[in-house]
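Below: the structure, in structure tokens.
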Amino acid sequence: MTRPQFSRSFTQQPPIPDEAIAAAVDVMRSGRLHRYNLALGEASEVMELEREFALWQGARFCLAVASGGQAMQIALRAAGVGPGDAVLTNGFTLAPVPGAIAAVGGRSVLVEITEDLVIDLDDLARKARASGARYLLLSHMRGHLCDMERLVQLAADLSLTVIEDCAHTMGAQWNGVLSGSFGLAGCFSTQTYKHINSGEGGLLTSDDAGFMARATVLSGSYMLYDRHGAGPGPSSYEEIRLDTPNTSARMDNLRAALLRPQLRQLDSSIAAWNARHDLVARHLAQSGAIRLPKRPDAERYVGSSIQFCVPGISAVDAQALVARLGSVGVEVKWFGAAQPSGYTSDHHSWRYVAAQGLPQTDAILAGLFDMRLPLTFSLEDCALLAEHILDAVATLPATVQA
């Protein structure tokens with residue numbers, strides 16, 4: 001059967017809402033783009049975003065920063081990570097996660113993943129004990145949550161401070177608890193391909209006043225920490241303000257103005273993403289050659305992308321599969337490639353991290369494919385995408401089909 005070429009862009013996001021555009025124009029007309037440039041008695045767009053996101057997340061405190069990567073770096077430093085400290089993290093993640101650890105002088109200890117693309121908690125326990133690590137930067141890579149209740153208990157038993165990378169899980173839940181709520185801090189991204197879009201941007205949440213005071217000064221507050229919408233009180237800064245270095249990692253009012261209306265629409269966006277994800281998943285489940293990660297009943301995910309595995313596929317056939325799909329307009333990424341491409345890489349190409357053996361993770365990544373599902377795709381588009389993938393997989397050798 002000849003199917004129509006897929007012609008939509010995998011990088012085209014929905015337009016910014018009119019309400020957000022109007023708010024951004026108001027900021028530009030005021031000339032007060034810097035978060036601390038306030039008129040007397042005025043609450044800035046950044047202050048309001050911090051208040052609204054803290055309320056939405058159910059956190060005591062929220063800090064708006066320049067990027068998700070900066071949120072992770074600031075969180076690690078505010079938690080106490082220093083030069084040479086071991087920090088556990090997933091062996092399968094994107095480069096900004098080990099990059100954040102390297103940026104604060106930490107030493108990444110990579111943990112195996114399971115075939116469901118989440119951190120292997122048994123390997124985590126082994127490596128925590130062997131390395132003496134006191135920190136875990138837990139990446140909810142591509143929106144997959146591990147058993148968070150077991151993770152929390154394990155962290156308590158091992159005396160691990162947990163910081164969650166929620167770049168792919170803004171709004172995701174485990175047994176009704178939002179991701180970002182299980183450890184000391186949650187780190188979120190508002191980069192274009194994430195769940196709310198300001199081009200670049202990040203949000204950091206926590207219930208710990210001392211941690212958030214350190215993070216606020218680190219972000220570049222100078223002595224203007226009272227101009228925050230969801231920060232701790234002045235007493236939290238008495239010593240911290242003199243002991244903590246300032247950096248320039250602040251969010252500006254223009255980006256905050258773009259984000260606030262999108263946050264109000266986020267629940268409906270999550271429902272739309274999941275409708276697309278689940279439709280594609282139902283189609284792909286028809287193939288005996290494809291394995292989809294299991295989604296536990298406890299997990300409420302945000303399906304802004306989909307991952308599928310073709311166990312046993314060779315590197316040559318994986319490259320051919322990507323090329324075949326590309327020829328019909330379907331853009332998938334393969335995590336088993338020897339060289340990084342675009343945003344896709346694996347631990348072998350992070351040369352700022354000491355080489356580590358991850359045979360279980362490598363075997364999974366060898367057959368792992370990833371595809372974005374932007375909200376500019378209709379359900380009909382998603383059905384066509386799935387059929388193209390099924391057609392391409394059906395051309396693989398019989399040894400893979402078995």
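The chains in the structure tokens are called A, B, ... from first to last as shown; in each chain the residues are counted from 1, and the ligands are counted from 1 in the order shown.
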
List every residue of stretch 343-374 of chain A that has an atom at most 12 Å from any atom of stretch 265-280 of chain A, and for each one report the closest atom pair and its distance in Å to one decimal, counting only C-alpha atoms, with rows sorted by chain and then by increasing residue number, as CSV.
```
residue,atom,partner,partner_atom,distance
A:Asp370,CA,A:His277,CA,11.9
A:Met371,CA,A:His277,CA,10.0
A:Arg372,CA,A:His277,CA,9.4
A:Leu373,CA,A:Arg276,CA,7.1
A:Pro374,CA,A:Trp273,CA,7.6
```

Restricting it to N, CA and C atoms, dump the selection as a PDB file, in the first residue's frame.
```
ATOM      1  N   ASP A 370      13.121   7.330  18.917  1.00  0.00           N
ATOM      2  CA  ASP A 370      12.419   8.401  19.629  1.00  0.00           C
ATOM      3  C   ASP A 370      11.790   9.332  18.599  1.00  0.00           C
ATOM      4  N   MET A 371      10.566   9.781  18.862  1.00  0.00           N
ATOM      5  CA  MET A 371       9.883  10.674  17.922  1.00  0.00           C
ATOM      6  C   MET A 371       9.084  11.729  18.681  1.00  0.00           C
ATOM      7  N   ARG A 372       9.262  12.982  18.314  1.00  0.00           N
ATOM      8  CA  ARG A 372       8.477  14.069  18.892  1.00  0.00           C
ATOM      9  C   ARG A 372       7.039  14.008  18.397  1.00  0.00           C
ATOM     10  N   LEU A 373       6.128  14.502  19.237  1.00  0.00           N
ATOM     11  CA  LEU A 373       4.715  14.584  18.873  1.00  0.00           C
ATOM     12  C   LEU A 373       4.197  15.990  19.199  1.00  0.00           C
ATOM     13  N   PRO A 374       4.583  16.990  18.436  1.00  0.00           N
ATOM     14  CA  PRO A 374       4.126  18.351  18.734  1.00  0.00           C
ATOM     15  C   PRO A 374       2.613  18.483  18.572  1.00  0.00           C
TER      16      PRO A 374
END
```

Original post:
Residues at most 10 Å from A:Leu384, counting only C-alpha atoms, excluding those fewer than 5 positions away in the same chain, as a VMD selection string?
Top reply: chain A and resid 3 to 6 280 283 330 378 to 379 389 to 390

**OP:** Can you pull out every residue within 10 Å of A:Ser314, counting only C-alpha atoms, but drop anything in the same chain fewer than 3 positions away, and send it as a list in words?
**Re:** Val310, Pro311, Asp317, Ala318, Gln319, Ala320, Gly336, Ala366, Gly367, Leu396, Pro397 and Val400 of chain A

Deliver the residues from the most recent selection as a file, using C-alpha atoms, as a short mmCIF file (atom, residue, chain, number, x, y, z; two decimals), in the first residue's frame.
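Saved to part-v9.cif:
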```cif
data_model
loop_
_atom_site.label_atom_id
_atom_site.label_comp_id
_atom_site.auth_asym_id
_atom_site.auth_seq_id
_atom_site.Cartn_x
_atom_site.Cartn_y
_atom_site.Cartn_z
CA VAL A 310 13.25 -2.82 18.06
CA PRO A 311 15.15 -5.47 20.03
CA ASP A 317 19.38 -1.89 9.88
CA ALA A 318 18.75 0.84 12.47
CA GLN A 319 20.40 3.41 10.20
CA ALA A 320 18.38 2.08 7.24
CA GLY A 336 22.28 3.72 19.35
CA ALA A 366 21.06 -0.04 20.44
CA GLY A 367 17.42 -0.58 19.48
CA LEU A 396 13.45 -5.43 8.48
CA PRO A 397 15.06 -8.86 8.28
CA VAL A 400 14.22 -8.97 13.83
#
```

Subject >> DSSP strand (DSSP E) selection over stretch 144-364 of chain A, as an MDAnalysis selection string >> reply: chainID A and resid 161:165 173:174 177:178 185:189 202:206 299:300 305:309 333:334

Keeping C-alpha atoms, export the residues of the selection given above as a CSV table (one decimal), in the first residue's frame.
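Okay, again.csv is ready:
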```
chain,number,residue,atom,x,y,z
A,161,THR,CA,19.8,14.1,48.4
A,162,VAL,CA,17.5,13.8,45.3
A,163,ILE,CA,17.2,16.6,42.7
A,164,GLU,CA,14.7,15.8,39.9
A,165,ASP,CA,15.2,16.8,36.3
A,173,GLN,CA,2.4,12.4,38.3
A,174,TRP,CA,3.1,9.2,40.3
A,177,VAL,CA,2.0,13.4,43.3
A,178,LEU,CA,3.5,15.7,40.7
A,185,ALA,CA,14.1,20.2,44.4
A,186,GLY,CA,12.5,19.9,41.0
A,187,CYS,CA,14.1,21.4,37.9
A,188,PHE,CA,11.9,22.4,34.9
A,189,SER,CA,12.6,23.7,31.4
A,202,GLY,CA,13.8,27.3,33.6
A,203,LEU,CA,12.0,27.0,36.9
A,204,LEU,CA,13.3,25.6,40.2
A,205,THR,CA,10.9,24.5,43.0
A,206,SER,CA,11.5,23.3,46.6
A,299,GLU,CA,2.1,7.0,36.3
A,300,ARG,CA,0.3,9.9,34.7
A,305,SER,CA,7.2,12.3,22.5
A,306,ILE,CA,7.1,8.5,22.0
A,307,GLN,CA,9.8,5.9,22.3
A,308,PHE,CA,9.8,2.4,20.8
A,309,CYS,CA,12.4,-0.3,20.8
A,333,LYS,CA,16.0,9.7,16.3
A,334,TRP,CA,18.1,6.6,17.1
```

For stretch 315-397 of chain A against stretch 82-101 of chain A, with a cut-off of 9 Å and counting only C-alpha atoms, what is the closest atom pair and its distance in Å to one decimal for every residue that makes the cut, ordered by chain and number, as JSON lines?
```
{"residue": "A:Tyr343", "atom": "CA", "partner": "A:Leu94", "partner_atom": "CA", "distance": 7.4}
{"residue": "A:Thr344", "atom": "CA", "partner": "A:Leu94", "partner_atom": "CA", "distance": 7.0}
{"residue": "A:Ser345", "atom": "CA", "partner": "A:Leu94", "partner_atom": "CA", "distance": 6.7}
{"residue": "A:Asp346", "atom": "CA", "partner": "A:Phe92", "partner_atom": "CA", "distance": 6.7}
{"residue": "A:His347", "atom": "CA", "partner": "A:Gly91", "partner_atom": "CA", "distance": 6.6}
{"residue": "A:Trp350", "atom": "CA", "partner": "A:Ala95", "partner_atom": "CA", "distance": 7.2}
{"residue": "A:Tyr352", "atom": "CA", "partner": "A:Gly99", "partner_atom": "CA", "distance": 8.0}
{"residue": "A:Val353", "atom": "CA", "partner": "A:Pro98", "partner_atom": "CA", "distance": 7.3}
{"residue": "A:Leu358", "atom": "CA", "partner": "A:Gly91", "partner_atom": "CA", "distance": 7.3}
{"residue": "A:Thr361", "atom": "CA", "partner": "A:Gly91", "partner_atom": "CA", "distance": 6.8}
{"residue": "A:Asp362", "atom": "CA", "partner": "A:Phe92", "partner_atom": "CA", "distance": 9.0}
{"residue": "A:Leu365", "atom": "CA", "partner": "A:Phe92", "partner_atom": "CA", "distance": 8.2}
```

**OP:** Show which residues sit within 12 Å of A:Asn175, as a list in words. Count only C-alpha atoms, and ignore same-chain residues fewer than 3 positions away.
**Re:**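 My reading of the contact set: Leu145, Cys146, Asp147, Met148, Glu149, Ala172, Leu178, Ser179, Ser181, Phe182, Pro296, Asp297, Ala298, Glu299, Arg300 and Tyr301 of chain A.
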
Could you turn the residues from that selection into a file that holds C-alpha atoms, as a PDB file, in the first residue's frame?
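So the final result, stored in selection_12.pdb, reads:
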```pdb
ATOM      1  CA  LEU A 145       8.913   7.933  35.803  1.00  0.00           C
ATOM      2  CA  CYS A 146      10.439   5.117  37.821  1.00  0.00           C
ATOM      3  CA  ASP A 147       8.717   3.732  40.926  1.00  0.00           C
ATOM      4  CA  MET A 148       8.954   6.998  42.834  1.00  0.00           C
ATOM      5  CA  GLU A 149       7.831   5.581  46.172  1.00  0.00           C
ATOM      6  CA  ALA A 172       3.430  14.224  35.161  1.00  0.00           C
ATOM      7  CA  LEU A 178       3.547  15.728  40.704  1.00  0.00           C
ATOM      8  CA  SER A 179       7.055  15.039  39.458  1.00  0.00           C
ATOM      9  CA  SER A 181       7.856  16.905  44.497  1.00  0.00           C
ATOM     10  CA  PHE A 182       9.764  13.800  45.609  1.00  0.00           C
ATOM     11  CA  PRO A 296       2.568   1.695  35.137  1.00  0.00           C
ATOM     12  CA  ASP A 297      -0.932   2.442  36.399  1.00  0.00           C
ATOM     13  CA  ALA A 298       0.612   4.746  39.012  1.00  0.00           C
ATOM     14  CA  GLU A 299       2.092   6.974  36.313  1.00  0.00           C
ATOM     15  CA  ARG A 300       0.314   9.892  34.705  1.00  0.00           C
ATOM     16  CA  TYR A 301       2.692  10.798  31.894  1.00  0.00           C
TER      17      TYR A 301
END
```

**OP:** May I have the residues within 9 Å of A:His228 as a PyMOL selection string, using only C-alpha atoms and disregarding those fewer than 3 positions away in the same chain?
**Re:** chain A and resi 35-36+43-44+46-48+50-51+62-63+216+224-225+231-232

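Between atom CA of A:Gly357 and atom CA of A:Ala289 lies a distance of 27.4 Å.
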
Subject >> Filtered DSSP result for stretch 96-282 of chain A, state helix (DSSP H, G or I), as a PyMOL selection string >> reply: chain A and resi 96-103+121-131+141-143+148-158+209-218+225-227+234-237+240-243+253-264+266-282

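The coordinates place atom CA of A:Thr247 at 21.9 Å from atom CA of A:Ala167.
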
**OP:** To one decimal in Å, tell me the separation between atom CA of A:Ala64 and atom CA of A:Leu110.
**Re:**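 Value for the atom CA of A:Ala64-atom CA of A:Leu110 distance: 28.3 Å.
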
**OP:** Considering only C-alpha atoms, state which residue in the set A:Tyr222, A:Phe53, A:Phe211, A:Phe369 is at the smallest distance from A:Ser236.
**Re:**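 Selected residue with least distance to A:Ser236: A:Phe211.
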
**OP:** Can you pull out every residue within 8 Å of A:Arg8, counting only C-alpha atoms, but drop anything in the same chain fewer than 2 positions away, and send it as a ChimeraX atom specification?
**Re:** /A:6,10,329,377

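Nearest to A:Leu263 of all the residues A:Val104, A:Met28, A:Leu40, A:Met170 is A:Met170, counting only C-alpha atoms.
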
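Comparing A:Ala23, A:Leu258, A:Ala249, A:Ala354 by their smallest distance to A:Thr192, the closest is A:Leu258 (using only C-alpha atoms).
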
**OP:** Could you check which of A:Thr376, A:Asn246, A:Ser139, A:Ser159 is closest to A:Met72, using only C-alpha atoms?
**Re:** A:Ser139

**OP:** Have a look at A:Leu138, A:Ala54, A:Ile74, A:Val393 and name the one nearest to A:Gly220; count only C-alpha atoms.
**Re:**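 Using only C-alpha atoms, A:Gly220 sits closest to A:Ile74.
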